[in-house]
Every structure is written in structure tokens, then in C-alpha cells.
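Report on one structure; see the data block that follows.
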Amino acid sequence: MAIRAPSIEFAVGAAEAMSLERLAGWTLTAVSDRIWLTEEDGARDVWLLPGQRHIIAGGGRVVVEPWPMHGGATSHAATIRLRPPTGSCWRQWRLPGLRPGSQAVACA
């Protein structure tokens with residue numbers, strides 16, 4: 001039997017950026033394309049290739065956008081997966097903005 005952790009996937013267009021907040025401890029995965037992200041509290045940039053993950057350290061804003069190939073523009077959206085910290089899940093998801101509910105509960 002496979003047990004799947006809750007997650008959400010979304011696409012960020014070639015010329016777009018997505019701003020996320022309050023996701024400390026969450027895992028962000030580049031699913032379909034290369035992505036670039038910046039953490040507000042960490043003041044550092046992270047570049048991910050498809051399949052690579054990054055655990056968000058701070059509780060501030062995280063900006064995510066596609067990372068274009070060698071000087072060229074990205075021609076399609078990048079798919080990104082967010083997964084909550086192990087051992088927790090969220091009571092509700094608030095969309096748009098991909099902001100999860102404010103109360104975490106233990107997963108059974």
C-alpha cells in the first residue's frame with residue numbers, strides 16, 4: 001500500500017513569477033522545468049533542475065519563477081510542487097495565491 005503525502009502542484013508561466021508566503025519547512029520541487037527562487041528571510045537565491053527539491057527555511061515571502069535556458073526565454077510554464085512538512089497536513093487550502101490555511105493538524 002502506498003501512502004501519499006498531501007501536496008499541491010501549480011504552473012508558473014514563462015514570463016511570470018509567483019509569490020508565496022508563510023511556508024517554512026515546506027518542500028518545493030521543480031517538476032517539469034528549471035526554476036529559480038528567492039527566500040525573503042534567507043536572502044539567497046536557489047536554482048533547481050527538474051526533480052530537485054528545496055526545503056523553505058524562513059517564514060517570509062518566497063518568489064518562484066521559471067529559469068530560462070542559456071540567455072533565451074522559457075517557452076512554456078514550469079510546474080512546481082509544494083509539500084507540507086512531514087507529519088503535518090493542512091485543514092484547508094486557500095487559492096488563489098496558494099496560501100495554505102493557518103492551522104496545521106496532525107495527519108493520521
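Residue numbering restarts at 1 in every chain; chains get A, B, ... in the order shown in the C-alpha cells, and ligands count up from 1 in that same order.
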
*asked:* Excluding Gly58 in chain A and its own-chain neighbours fewer than 4 positions away, which residues fall within 10 Å of it when counting only C-alpha atoms? Please give them as a PyMOL selection string.
replied: chain A and resi 21-26+39-43+62

The selected residues should be written to file as a compact mmCIF listing (two decimals), in the first residue's frame (atoms: N, CA, C and O atoms).
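Contents of the output file part-v2.txt:
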```
# COMPACT_ATOMS: atom_id res chain seq x y z
N GLU A 21 3.90 32.80 0.65
CA GLU A 21 4.22 33.28 1.99
C GLU A 21 3.93 32.22 3.04
O GLU A 21 3.11 31.34 2.84
N ARG A 22 4.62 32.33 4.17
CA ARG A 22 4.40 31.51 5.36
C ARG A 22 4.49 30.01 5.07
O ARG A 22 3.63 29.24 5.46
N LEU A 23 5.57 29.58 4.43
CA LEU A 23 5.73 28.17 4.08
C LEU A 23 7.01 27.57 4.67
O LEU A 23 7.58 26.64 4.10
N ALA A 24 7.46 28.05 5.82
CA ALA A 24 8.67 27.50 6.44
C ALA A 24 8.51 26.00 6.66
O ALA A 24 7.49 25.54 7.16
N GLY A 25 9.52 25.24 6.25
CA GLY A 25 9.50 23.79 6.41
C GLY A 25 8.89 23.03 5.25
O GLY A 25 9.01 21.82 5.15
N TRP A 26 8.21 23.73 4.35
CA TRP A 26 7.60 23.09 3.20
C TRP A 26 8.69 22.74 2.18
O TRP A 26 9.72 23.40 2.09
N GLU A 39 14.32 33.38 -1.28
CA GLU A 39 13.66 33.44 0.02
C GLU A 39 13.93 34.80 0.64
O GLU A 39 15.08 35.21 0.76
N GLU A 40 12.87 35.48 1.05
CA GLU A 40 12.99 36.81 1.64
C GLU A 40 13.83 36.78 2.93
O GLU A 40 14.75 37.56 3.07
N ASP A 41 13.52 35.90 3.84
CA ASP A 41 14.23 35.87 5.12
C ASP A 41 15.65 35.33 4.99
O ASP A 41 16.53 35.71 5.74
N GLY A 42 15.87 34.44 4.03
CA GLY A 42 17.19 33.85 3.85
C GLY A 42 18.09 34.69 2.97
O GLY A 42 19.30 34.51 2.96
N ALA A 43 17.51 35.60 2.21
CA ALA A 43 18.25 36.49 1.30
C ALA A 43 19.22 35.70 0.43
O ALA A 43 20.37 36.07 0.25
N VAL A 62 8.52 33.92 -0.54
CA VAL A 62 9.36 33.17 -1.47
C VAL A 62 8.86 33.50 -2.86
O VAL A 62 7.66 33.37 -3.14
```

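Atom to atom, CA of Val12 in chain A and CA of Arg44 in chain A stand 20.3 Å apart.
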
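With only C-alpha atoms as the basis for measurement, A:Val63 is the residue among A:Val63, A:His54, A:Arg83, A:Glu16 that approaches Leu37 in chain A most closely.
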
_I want to know what sits within 8 Å of Pro66 in chain A, based on only C-alpha atoms, with residues of the same chain fewer than 6 positions away left out; could you give that as a count of residues only?_
13

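Proximity ranking of A:Val46, A:Ile8, A:Met18, A:Ala57 relative to Val31 in chain A places A:Ile8 first, based on only C-alpha atoms.
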
*Using DSSP on the backbone coordinates, identify the residues of range 4-75 of chain A assigned to strand (DSSP E or B); present them as JSON, numbers by chain.*
{"A": [8, 9, 10, 11, 12, 18, 19, 20, 27, 28, 29, 30, 35, 36, 37, 38, 39, 44, 45, 46, 47, 48, 53, 54, 55, 62, 63, 64, 65, 66]}

File dump, residues just selected, C-alpha atoms, as a CSV table (one decimal), in the first residue's frame:
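Now in result_6.csv:
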```csv
chain,number,residue,atom,x,y,z
A,8,ILE,CA,-0.3,20.9,-4.5
A,9,GLU,CA,1.1,21.4,-8.0
A,10,PHE,CA,0.8,24.6,-10.0
A,11,ALA,CA,2.3,26.1,-13.1
A,12,VAL,CA,4.2,29.4,-13.4
A,18,MET,CA,4.7,33.5,-8.1
A,19,SER,CA,4.9,35.0,-4.6
A,20,LEU,CA,4.3,32.5,-1.7
A,27,THR,CA,9.4,21.3,0.3
A,28,LEU,CA,9.3,23.0,-3.1
A,29,THR,CA,10.1,20.7,-6.1
A,30,ALA,CA,10.8,21.6,-9.7
A,35,ILE,CA,13.1,27.1,-11.7
A,36,TRP,CA,14.7,29.9,-9.7
A,37,LEU,CA,13.5,31.0,-6.3
A,38,THR,CA,14.5,33.6,-3.7
A,39,GLU,CA,13.7,33.4,0.0
A,44,ARG,CA,19.6,33.8,-1.0
A,45,ASP,CA,18.8,32.5,-4.5
A,46,VAL,CA,18.3,28.8,-5.3
A,47,TRP,CA,18.2,27.3,-8.8
A,48,LEU,CA,16.5,23.9,-9.3
A,53,ARG,CA,13.9,19.9,-4.2
A,54,HIS,CA,14.4,22.7,-1.7
A,55,ILE,CA,13.1,23.0,1.8
A,62,VAL,CA,9.4,33.2,-1.5
A,63,VAL,CA,9.4,34.3,-5.1
A,64,VAL,CA,9.5,31.5,-7.7
A,65,GLU,CA,9.8,31.8,-11.5
A,66,PRO,CA,11.0,29.7,-14.5
```

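Across the structure, CA of Pro84 in chain A and CA of Arg61 in chain A are spaced 15.9 Å apart.
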
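When only C-alpha atoms are used to compute distances to Trp67 in chain A, the closest of the residues A:Ser7, A:Ser32, A:Thr86, A:Arg81 turns out to be A:Ser32.
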